[in-house]
file data.cif (mmCIF, C-alpha atoms)
data_input
#
loop_
_atom_site.group_PDB
_atom_site.id
_atom_site.type_symbol
_atom_site.label_atom_id
_atom_site.label_comp_id
_atom_site.auth_asym_id
_atom_site.auth_seq_id
_atom_site.Cartn_x
_atom_site.Cartn_y
_atom_site.Cartn_z
ATOM 1 C CA MET A 1 -13.678 21.588 -12.821
ATOM 2 C CA ASP A 2 -15.625 18.722 -14.381
ATOM 3 C CA CYS A 3 -16.357 15.357 -12.771
ATOM 4 C CA ASN A 4 -13.921 13.512 -15.031
ATOM 5 C CA GLU A 5 -11.121 15.836 -13.864
ATOM 6 C CA LEU A 6 -12.064 15.663 -10.219
ATOM 7 C CA VAL A 7 -11.883 11.857 -10.089
ATOM 8 C CA GLU A 8 -8.197 11.985 -11.068
ATOM 9 C CA LEU A 9 -7.351 14.376 -8.222
ATOM 10 C CA VAL A 10 -8.874 12.518 -5.286
ATOM 11 C CA THR A 11 -5.632 11.082 -3.904
ATOM 12 C CA ALA A 12 -3.888 14.446 -4.225
ATOM 13 C CA TYR A 13 -6.875 16.057 -2.497
ATOM 14 C CA LEU A 14 -6.814 13.592 0.384
ATOM 15 C CA ASP A 15 -3.037 13.954 0.710
ATOM 16 C CA GLY A 16 -3.361 17.723 0.867
ATOM 17 C CA SER A 17 -1.060 18.182 -2.103
ATOM 18 C CA LEU A 18 -3.340 20.205 -4.388
ATOM 19 C CA SER A 19 -2.540 23.869 -4.894
ATOM 20 C CA SER A 20 -4.891 26.088 -2.901
ATOM 21 C CA GLU A 21 -6.495 27.278 -6.119
ATOM 22 C CA THR A 22 -7.177 23.719 -7.362
ATOM 23 C CA ARG A 23 -8.360 22.677 -3.946
ATOM 24 C CA ALA A 24 -10.859 25.537 -3.915
ATOM 25 C CA ARG A 25 -12.185 24.455 -7.322
ATOM 26 C CA PHE A 26 -12.392 20.852 -6.095
ATOM 27 C CA ASP A 27 -14.366 21.905 -3.013
ATOM 28 C CA GLU A 28 -16.610 24.148 -5.053
ATOM 29 C CA HIS A 29 -17.405 21.323 -7.463
ATOM 30 C CA LEU A 30 -18.172 18.944 -4.592
ATOM 31 C CA LEU A 31 -20.731 21.352 -3.150
ATOM 32 C CA GLY A 32 -22.849 21.119 -6.266
ATOM 33 C CA CYS A 33 -22.258 17.521 -7.319
ATOM 34 C CA ASP A 34 -23.697 14.536 -5.453
ATOM 35 C CA GLY A 35 -22.010 12.103 -7.852
ATOM 36 C CA CYS A 36 -18.547 13.385 -6.997
ATOM 37 C CA GLU A 37 -19.361 13.607 -3.326
ATOM 38 C CA ASN A 38 -20.325 9.931 -3.475
ATOM 39 C CA TYR A 39 -17.211 9.134 -5.475
ATOM 40 C CA LEU A 40 -15.001 10.775 -2.855
ATOM 41 C CA GLU A 41 -16.795 8.861 -0.120
ATOM 42 C CA GLN A 42 -16.403 5.591 -2.059
ATOM 43 C CA PHE A 43 -12.703 6.348 -2.294
ATOM 44 C CA ARG A 44 -12.480 6.897 1.455
ATOM 45 C CA VAL A 45 -14.289 3.616 2.084
ATOM 46 C CA THR A 46 -11.930 1.901 -0.361
ATOM 47 C CA ILE A 47 -8.872 3.182 1.501
ATOM 48 C CA ALA A 48 -10.353 2.135 4.833
ATOM 49 C CA THR A 49 -11.160 -1.316 3.407
ATOM 50 C CA ILE A 50 -7.600 -1.776 2.128
ATOM 51 C CA GLY A 51 -6.435 -0.820 5.618
ATOM 52 C CA LYS A 52 -8.423 -3.721 7.054
ATOM 53 C CA VAL A 53 -6.664 -6.362 4.947
ATOM 54 C CA LYS A 54 -4.746 -8.522 7.367
ATOM 55 C CA ASP A 55 -1.371 -10.045 6.727
ATOM 56 C CA GLU A 56 -1.187 -13.785 6.887
ATOM 57 C CA GLN A 57 0.147 -15.520 9.936
ATOM 58 C CA LEU A 58 3.811 -16.303 9.633
ATOM 59 C CA ASP A 59 4.449 -19.873 8.518
ATOM 60 C CA PRO A 60 5.781 -21.655 11.642
ATOM 61 C CA VAL A 61 8.546 -23.416 9.695
ATOM 62 C CA PHE A 62 9.772 -20.134 8.274
ATOM 63 C CA ARG A 63 9.493 -18.471 11.674
ATOM 64 C CA ALA A 64 11.608 -21.222 13.221
ATOM 65 C CA ARG A 65 14.189 -20.766 10.466
ATOM 66 C CA LEU A 66 14.489 -17.055 11.279
ATOM 67 C CA LEU A 67 14.833 -17.636 15.003
ATOM 68 C CA GLU A 68 17.461 -20.280 14.374
ATOM 69 C CA ALA A 69 19.435 -17.904 12.174
ATOM 70 C CA PHE A 70 19.395 -15.401 15.020
ATOM 71 C CA ARG A 71 20.670 -17.981 17.519
ATOM 72 C CA ASP A 72 23.471 -18.987 15.141
ATOM 73 C CA TRP A 73 24.536 -15.400 14.772
ATOM 74 C CA ARG A 74 24.490 -14.773 18.501
ATOM 75 C CA MET B 1 2.530 3.021 14.051
ATOM 76 C CA THR B 2 5.711 4.945 13.677
ATOM 77 C CA GLY B 3 6.253 5.784 17.338
ATOM 78 C CA THR B 4 9.773 5.518 18.616
ATOM 79 C CA VAL B 5 8.550 4.585 22.067
ATOM 80 C CA ASP B 6 11.034 2.338 23.798
ATOM 81 C CA GLU B 7 12.714 1.344 20.573
ATOM 82 C CA SER B 8 16.085 2.048 22.140
ATOM 83 C CA ALA B 9 15.307 -0.671 24.675
ATOM 84 C CA LEU B 10 14.484 -3.073 21.838
ATOM 85 C CA ILE B 11 17.701 -2.217 20.034
ATOM 86 C CA ALA B 12 19.734 -2.713 23.192
ATOM 87 C CA ALA B 13 18.071 -6.091 23.733
ATOM 88 C CA LEU B 14 18.822 -7.153 20.160
ATOM 89 C CA ARG B 15 22.462 -6.201 20.647
ATOM 90 C CA THR B 16 22.700 -8.516 23.619
ATOM 91 C CA GLY B 17 21.151 -11.311 21.546
ATOM 92 C CA ASP B 18 17.761 -11.367 23.281
ATOM 93 C CA ASP B 19 15.758 -14.195 21.644
ATOM 94 C CA ALA B 20 12.384 -13.043 22.896
ATOM 95 C CA VAL B 21 12.799 -9.525 21.537
ATOM 96 C CA PHE B 22 13.982 -10.857 18.202
ATOM 97 C CA ALA B 23 10.960 -13.182 18.034
ATOM 98 C CA GLN B 24 8.656 -10.285 18.888
ATOM 99 C CA LEU B 25 10.050 -8.151 16.053
ATOM 100 C CA VAL B 26 9.951 -11.081 13.638
ATOM 101 C CA ASP B 27 6.275 -11.669 14.434
ATOM 102 C CA GLN B 28 5.445 -8.002 14.216
ATOM 103 C CA TYR B 29 7.115 -7.183 10.922
ATOM 104 C CA SER B 30 7.762 -10.325 8.878
ATOM 105 C CA PRO B 31 4.236 -10.795 7.494
ATOM 106 C CA SER B 32 4.165 -7.293 6.006
ATOM 107 C CA MET B 33 7.798 -7.640 4.884
ATOM 108 C CA LEU B 34 6.821 -10.806 3.005
ATOM 109 C CA ARG B 35 3.963 -8.971 1.367
ATOM 110 C CA ILE B 36 6.228 -6.208 0.119
ATOM 111 C CA ALA B 37 9.008 -8.626 -0.921
ATOM 112 C CA ARG B 38 6.480 -10.614 -2.906
ATOM 113 C CA GLY B 39 5.925 -7.512 -5.035
ATOM 114 C CA TYR B 40 9.491 -7.801 -6.281
ATOM 115 C CA VAL B 41 10.311 -11.484 -6.577
ATOM 116 C CA LYS B 42 8.843 -14.421 -8.426
ATOM 117 C CA SER B 43 7.772 -16.789 -5.684
ATOM 118 C CA HIS B 44 6.794 -16.987 -2.057
ATOM 119 C CA GLU B 45 9.988 -18.968 -1.402
ATOM 120 C CA SER B 46 12.051 -16.186 -2.917
ATOM 121 C CA ALA B 47 10.251 -13.657 -0.741
ATOM 122 C CA GLU B 48 11.066 -15.754 2.335
ATOM 123 C CA ASP B 49 14.735 -15.785 1.347
ATOM 124 C CA VAL B 50 14.661 -12.014 1.002
ATOM 125 C CA VAL B 51 13.057 -11.550 4.404
ATOM 126 C CA GLN B 52 15.559 -13.926 5.987
ATOM 127 C CA ASP B 53 18.428 -11.966 4.409
ATOM 128 C CA VAL B 54 16.942 -8.764 5.804
ATOM 129 C CA TRP B 55 16.831 -10.134 9.340
ATOM 130 C CA ILE B 56 20.363 -11.482 9.062
ATOM 131 C CA GLY B 57 21.535 -8.143 7.696
ATOM 132 C CA VAL B 58 19.756 -6.329 10.479
ATOM 133 C CA VAL B 59 21.191 -8.354 13.341
ATOM 134 C CA LYS B 60 24.658 -8.125 11.848
ATOM 135 C CA GLY B 61 24.276 -4.377 11.421
ATOM 136 C CA ILE B 62 22.605 -3.744 14.756
ATOM 137 C CA ALA B 63 25.804 -2.343 16.267
ATOM 138 C CA LYS B 64 25.774 0.388 13.643
ATOM 139 C CA PHE B 65 22.099 1.277 13.956
ATOM 140 C CA GLU B 66 21.952 4.813 15.278
ATOM 141 C CA GLY B 67 18.259 5.068 15.934
ATOM 142 C CA ARG B 68 17.775 8.030 13.613
ATOM 143 C CA SER B 69 14.887 6.237 11.943
ATOM 144 C CA THR B 70 12.364 3.873 13.433
ATOM 145 C CA ILE B 71 13.095 0.157 13.361
ATOM 146 C CA ARG B 72 10.281 -0.228 10.884
ATOM 147 C CA THR B 73 11.667 2.319 8.422
ATOM 148 C CA TRP B 74 15.097 0.771 8.740
ATOM 149 C CA LEU B 75 13.749 -2.746 8.131
ATOM 150 C CA PHE B 76 11.828 -1.722 5.042
ATOM 151 C CA ALA B 77 14.747 0.248 3.648
ATOM 152 C CA VAL B 78 16.940 -2.861 3.912
ATOM 153 C CA LEU B 79 14.101 -4.966 2.545
ATOM 154 C CA VAL B 80 13.610 -2.863 -0.579
ATOM 155 C CA LYS B 81 17.342 -2.904 -1.277
ATOM 156 C CA ILE B 82 17.663 -6.673 -0.947
ATOM 157 C CA ALA B 83 14.415 -7.402 -2.787
ATOM 158 C CA LYS B 84 15.431 -5.186 -5.701
ATOM 159 C CA ALA B 85 18.807 -6.891 -5.996
ATOM 160 C CA ARG B 86 17.082 -10.243 -5.980
ATOM 161 C CA ALA B 87 14.551 -9.103 -8.567
ATOM 162 C CA ILE B 88 17.400 -8.126 -10.867
ATOM 163 C CA ARG B 89 18.959 -11.557 -10.404
ATOM 164 C CA GLU B 90 15.613 -13.068 -11.279
ATOM 165 C CA ARG B 91 15.569 -10.811 -14.318
ATOM 166 C CA ARG B 92 12.448 -9.107 -13.257
ATOM 167 C CA ASP B 93 12.729 -5.513 -14.119
ATOM 168 C CA ALA B 94 11.104 -3.942 -11.102
ATOM 169 C CA GLU B 95 11.908 -0.498 -12.445
ATOM 170 C CA HIS B 96 10.129 -0.660 -15.744
ATOM 171 C CA ALA B 97 6.798 -0.618 -14.019
ATOM 172 C CA VAL B 98 7.501 2.916 -12.807
ATOM 173 C CA ALA B 99 6.248 4.164 -16.119
ATOM 174 C CA VAL B 100 4.297 7.295 -16.762
ATOM 175 C CA PHE B 101 0.622 6.503 -16.860
ATOM 176 C CA THR B 102 -1.619 8.578 -18.995
ATOM 177 C CA GLY B 103 -4.782 6.498 -18.874
ATOM 178 C CA ARG B 104 -7.826 7.453 -16.881
ATOM 179 C CA THR B 105 -8.777 5.754 -13.650
ATOM 180 C CA VAL B 106 -12.508 5.920 -14.357
ATOM 181 C CA ASP B 107 -14.014 4.619 -17.587
ATOM 182 C CA PRO B 108 -14.500 7.696 -19.843
ATOM 183 C CA ALA B 109 -17.807 6.188 -20.986
ATOM 184 C CA ARG B 110 -19.242 7.059 -17.579
ATOM 185 C CA PHE B 111 -19.035 10.766 -18.362
ATOM 186 C CA ARG B 112 -21.065 12.860 -20.777
ATOM 187 C CA PRO B 113 -19.293 13.398 -24.084
ATOM 188 C CA ALA B 114 -18.136 16.655 -25.610
ATOM 189 C CA GLY B 115 -21.075 18.411 -27.179
ATOM 190 C CA ASP B 116 -23.390 17.369 -24.362
ATOM 191 C CA GLN B 117 -24.953 20.085 -22.222
ATOM 192 C CA LEU B 118 -22.683 19.095 -19.351
ATOM 193 C CA PRO B 119 -19.590 17.547 -20.925
ATOM 194 C CA GLY B 120 -17.337 15.677 -18.504
ATOM 195 C CA HIS B 121 -20.101 15.201 -15.932
ATOM 196 C CA TRP B 122 -21.409 11.848 -14.735
ATOM 197 C CA LYS B 123 -24.025 10.194 -16.900
ATOM 198 C CA GLU B 124 -25.116 8.116 -13.908
ATOM 199 C CA PRO B 125 -23.716 9.502 -10.664
ATOM 200 C CA PRO B 126 -21.990 6.885 -8.491
ATOM 201 C CA ALA B 127 -24.118 5.585 -5.649
ATOM 202 C CA PRO B 128 -22.827 5.702 -2.087
ATOM 203 C CA PHE B 129 -21.355 2.453 -0.787
ATOM 204 C CA PRO B 130 -23.553 0.914 1.907
ATOM 205 C CA GLN B 131 -22.569 1.044 5.546
ATOM 206 C CA THR B 132 -20.770 -2.159 6.471
ATOM 207 C CA PRO B 133 -20.565 -2.766 10.197
ATOM 208 C CA GLU B 134 -17.168 -3.985 11.335
ATOM 209 C CA GLY B 135 -17.019 -7.767 11.195
ATOM 210 C CA SER B 136 -20.239 -8.117 9.174
ATOM 211 C CA MET B 137 -20.396 -10.558 6.278
ATOM 212 C CA LEU B 138 -20.355 -7.748 3.737
ATOM 213 C CA ASP B 139 -17.406 -6.071 5.449
ATOM 214 C CA LYS B 140 -15.431 -9.320 5.200
ATOM 215 C CA GLU B 141 -16.409 -9.785 1.571
ATOM 216 C CA LEU B 142 -15.250 -6.287 0.667
ATOM 217 C CA ILE B 143 -11.925 -6.790 2.447
ATOM 218 C CA ALA B 144 -11.413 -10.051 0.526
ATOM 219 C CA ILE B 145 -12.192 -8.309 -2.771
ATOM 220 C CA ALA B 146 -9.794 -5.482 -1.952
ATOM 221 C CA GLU B 147 -7.041 -7.961 -1.114
ATOM 222 C CA ARG B 148 -7.578 -9.925 -4.322
ATOM 223 C CA GLU B 149 -7.496 -6.795 -6.445
ATOM 224 C CA ILE B 150 -4.316 -5.574 -4.721
ATOM 225 C CA GLN B 151 -2.644 -8.853 -5.704
ATOM 226 C CA ARG B 152 -3.570 -8.155 -9.315
ATOM 227 C CA LEU B 153 -2.138 -4.641 -9.452
ATOM 228 C CA PRO B 154 1.069 -4.023 -11.391
ATOM 229 C CA GLU B 155 3.879 -4.684 -8.930
ATOM 230 C CA ILE B 156 5.000 -1.155 -8.161
ATOM 231 C CA GLN B 157 1.398 -0.031 -7.640
ATOM 232 C CA ARG B 158 0.863 -2.971 -5.348
ATOM 233 C CA ILE B 159 3.950 -2.049 -3.332
ATOM 234 C CA VAL B 160 2.929 1.601 -3.010
ATOM 235 C CA VAL B 161 -0.671 0.794 -2.028
ATOM 236 C CA SER B 162 0.510 -1.780 0.510
ATOM 237 C CA LEU B 163 3.013 0.590 2.085
ATOM 238 C CA ARG B 164 0.613 3.526 2.227
ATOM 239 C CA ASP B 165 -2.791 2.047 2.932
ATOM 240 C CA MET B 166 -2.031 -1.254 4.633
ATOM 241 C CA LEU B 167 1.124 -0.440 6.563
ATOM 242 C CA GLY B 168 0.501 3.248 7.107
ATOM 243 C CA PHE B 169 3.756 4.694 5.769
ATOM 244 C CA ASP B 170 3.386 8.345 4.764
ATOM 245 C CA SER B 171 4.122 9.618 1.267
ATOM 246 C CA ASN B 172 7.565 10.991 2.136
ATOM 247 C CA GLU B 173 8.646 7.652 3.591
ATOM 248 C CA VAL B 174 7.392 5.772 0.548
ATOM 249 C CA CYS B 175 9.153 8.129 -1.870
ATOM 250 C CA GLU B 176 12.378 7.669 0.024
ATOM 251 C CA LEU B 177 12.064 3.889 0.375
ATOM 252 C CA LEU B 178 11.331 3.378 -3.301
ATOM 253 C CA SER B 179 13.381 6.274 -4.692
ATOM 254 C CA ILE B 180 10.440 7.678 -6.614
ATOM 255 C CA SER B 181 9.179 11.230 -6.953
ATOM 256 C CA LYS B 182 6.196 12.515 -5.023
ATOM 257 C CA ALA B 183 4.204 12.926 -8.202
ATOM 258 C CA ASN B 184 4.991 9.377 -9.274
ATOM 259 C CA GLN B 185 4.092 8.011 -5.864
ATOM 260 C CA ARG B 186 0.770 9.803 -5.984
ATOM 261 C CA VAL B 187 -0.076 8.510 -9.459
ATOM 262 C CA LEU B 188 0.777 4.929 -8.508
ATOM 263 C CA LEU B 189 -1.241 5.145 -5.307
ATOM 264 C CA HIS B 190 -4.190 6.760 -7.025
ATOM 265 C CA ARG B 191 -4.291 4.171 -9.791
ATOM 266 C CA GLY B 192 -4.069 1.312 -7.328
ATOM 267 C CA ARG B 193 -6.797 2.694 -5.099
ATOM 268 C CA ALA B 194 -8.998 3.497 -8.092
ATOM 269 C CA ALA B 195 -8.688 -0.092 -9.356
ATOM 270 C CA VAL B 196 -9.753 -1.419 -5.949
ATOM 271 C CA ARG B 197 -12.620 1.091 -5.783
ATOM 272 C CA GLN B 198 -13.860 -0.108 -9.177
ATOM 273 C CA GLU B 199 -13.857 -3.744 -8.021
ATOM 274 C CA LEU B 200 -15.801 -2.827 -4.890
ATOM 275 C CA GLU B 201 -18.299 -0.834 -6.918
ATOM 276 C CA ASP B 202 -18.768 -3.702 -9.387
ATOM 277 C CA TYR B 203 -19.317 -6.132 -6.560
ATOM 278 C CA LEU B 204 -21.755 -3.892 -4.710
ATOM 279 C CA GLY B 205 -23.598 -3.086 -7.929
ATOM 280 C CA ASP B 206 -24.035 -6.767 -8.820
ATOM 281 C CA ARG B 207 -25.478 -7.811 -5.514
#

call {"tool": "encode", "arguments": {"input": "data.cif", "output": "structure tokens"}}
result
Amino acid sequence: MDCNELVELVTAYLDGSLSSETRARFDEHLLGCDGCENYLEQFRVTIATIGKVKDEQLDPVFRARLLEAFRDWR
Amino acid sequence: MTGTVDESALIAALRTGDDAVFAQLVDQYSPSMLRIARGYVKSHESAEDVVQDVWIGVVKGIAKFEGRSTIRTWLFAVLVKIAKARAIRERRDAEHAVAVFTGRTVDPARFRPAGDQLPGHWKEPPAPFPQTPEGSMLDKELIAIAEREIQRLPEIQRIVVSLRDMLGFDSNEVCELLSISKANQRVLLHRGRAAVRQELEDYLGDR
């Protein structure tokens, strides 16, 4: 496995959806390649960073509209 | 995030028209519902209409809810259905974006060319990202960059990345919600994540 192949398989690797044979080649490549090890770690940091994005607070006017709709239905 | 703890109590309360429980669910889920709806429709106002329709649909259908899925899965299933219908009315073809991608997620110029001693290997290996303590300035900057890049992703990629990495749905749930194959889901997620990674790397490299 070359680096340019490995980078396309990172999500499949992290999801555990690679075949055992491909996973073994992925792991073997990682052992000897600092660049890909760093790339994988960058990818993990990226996923963690996306996970820290916060949703905006609900607009109070919109929130009131939803609660009113519920009261009307009830 | 997907626990079913005490959801039956919430459902029962909704059925009796409990305002406080409804408000709690609205506060808990509406912001992320708006985010996903916004991936389908043209404007924030449209997304609000979609989310309102979901809540109305949900309270009207509450008698029929059998608790086989979590409230969250149910909400997002209704959301995707309503948002898609609205997108079609707005003539936005939400489906066409589920195309087959063949491009690479890392610039091919970063790898050694054929004929090199080590073809396909990094010319310059990527550097590790620095440690960013929670709440530090850099941590906040990276989160802001990630959010901005997610907004720029093609809509279906944005929806998949949001569902998986922001809201914590697993791949099976996302495939079912969006009616896409596992392979397609994985490609969309990978491309979205890779685009965000590239932005973070550019930012960190320029500092």

call {"tool": "closest_residue", "arguments": {"input": "data.cif", "among": "A:Leu30, A:Ala24, A:Cys3, A:Val61", "to": "chain B", "atoms": "all atoms listed in the file"}}
result
A:Cys3

call {"tool": "closest_residue", "arguments": {"input": "data.cif", "among": "A:Gly35, A:Asp72, A:Arg63, A:Glu28", "to": "chain B", "atoms": "only C-alpha atoms"}}
result
A:Gly35

call {"tool": "residues_around", "arguments": {"input": "data.cif", "residues": "segment 14-18 of chain A", "least_positions_apart": "3", "cutoff": "12 Å", "atoms": "all atoms listed in the file", "output": "list in words"}}
result
Leu6, Val7, Glu8, Leu9, Val10, Thr11, Glu21, Thr22, Arg23, Ala24, Arg25, Phe26, Asp27, Leu40, Glu41, Phe43, Arg44 and Ile47 of chain A; Arg164, Asp170, Ser171, Asn172, Lys182, Ala183, Gln185, Arg186, Val187, Leu189 and His190 of chain B

call {"tool": "residues_around", "arguments": {"input": "data.cif", "residues": "segment 15-20 of chain B", "least_positions_apart": "2", "cutoff": "9 Å", "atoms": "only C-alpha atoms", "output": "mmCIF file with C-alpha atoms, keeping the file's coordinate frame"}}
result
data_model
loop_
_atom_site.group_PDB
_atom_site.id
_atom_site.type_symbol
_atom_site.label_atom_id
_atom_site.label_comp_id
_atom_site.auth_asym_id
_atom_site.auth_seq_id
_atom_site.Cartn_x
_atom_site.Cartn_y
_atom_site.Cartn_z
ATOM 1 C CA LEU A 67 14.833 -17.636 15.003
ATOM 2 C CA PHE A 70 19.395 -15.401 15.020
ATOM 3 C CA ARG A 71 20.670 -17.981 17.519
ATOM 4 C CA TRP A 73 24.536 -15.400 14.772
ATOM 5 C CA ARG A 74 24.490 -14.773 18.501
ATOM 6 C CA LEU B 10 14.484 -3.073 21.838
ATOM 7 C CA ILE B 11 17.701 -2.217 20.034
ATOM 8 C CA ALA B 12 19.734 -2.713 23.192
ATOM 9 C CA ALA B 13 18.071 -6.091 23.733
ATOM 10 C CA PHE B 22 13.982 -10.857 18.202
ATOM 11 C CA ALA B 23 10.960 -13.182 18.034
ATOM 12 C CA GLN B 24 8.656 -10.285 18.888
ATOM 13 C CA LEU B 25 10.050 -8.151 16.053
ATOM 14 C CA VAL B 59 21.191 -8.354 13.341
ATOM 15 C CA ILE B 62 22.605 -3.744 14.756
ATOM 16 C CA ALA B 63 25.804 -2.343 16.267
#

call {"tool": "resolve_selection", "arguments": {"input": "data.cif", "expression": "the PyMOL selection byres ((chain A and resi 38) around 9)", "output": "number ranges by chain"}}
result
A: 33-37, 39-43; B: 125-129

call {"tool": "residues_near_point", "arguments": {"input": "data.cif", "point": "(11.2, -14.9, -7.0)", "cutoff": "12 Å", "atoms": "all atoms listed in the file", "output": "ChimeraX atom specification"}}
result
/B:34,37-50,83-94

call {"tool": "resolve_selection", "arguments": {"input": "data.cif", "expression": "the PyMOL selection byres ((chain B) within 8 of (chain A))", "output": "PyMOL selection string"}}
result
chain B and resi 17+19+22-23+26-27+30-32+35+48+52+55-56+59-60+104-106+108+111+119-122+124-129+142-144+146-147+165-167+186+189-190+193-194+196-197+200

call {"tool": "atom_distance", "arguments": {"input": "data.cif", "atom1": "atom CA of Gly205 of chain B", "atom2": "atom CA of Arg191 of chain B"}}
result
20.7 Å

call {"tool": "atom_distance", "arguments": {"input": "data.cif", "atom1": "atom CA of Leu79 of chain B", "atom2": "atom CA of Ile145 of chain B"}}
result
27.0 Å

call {"tool": "atom_distance", "arguments": {"input": "data.cif", "atom1": "atom CA of Ala77 of chain B", "atom2": "atom CA of Val174 of chain B"}}
result
9.7 Å
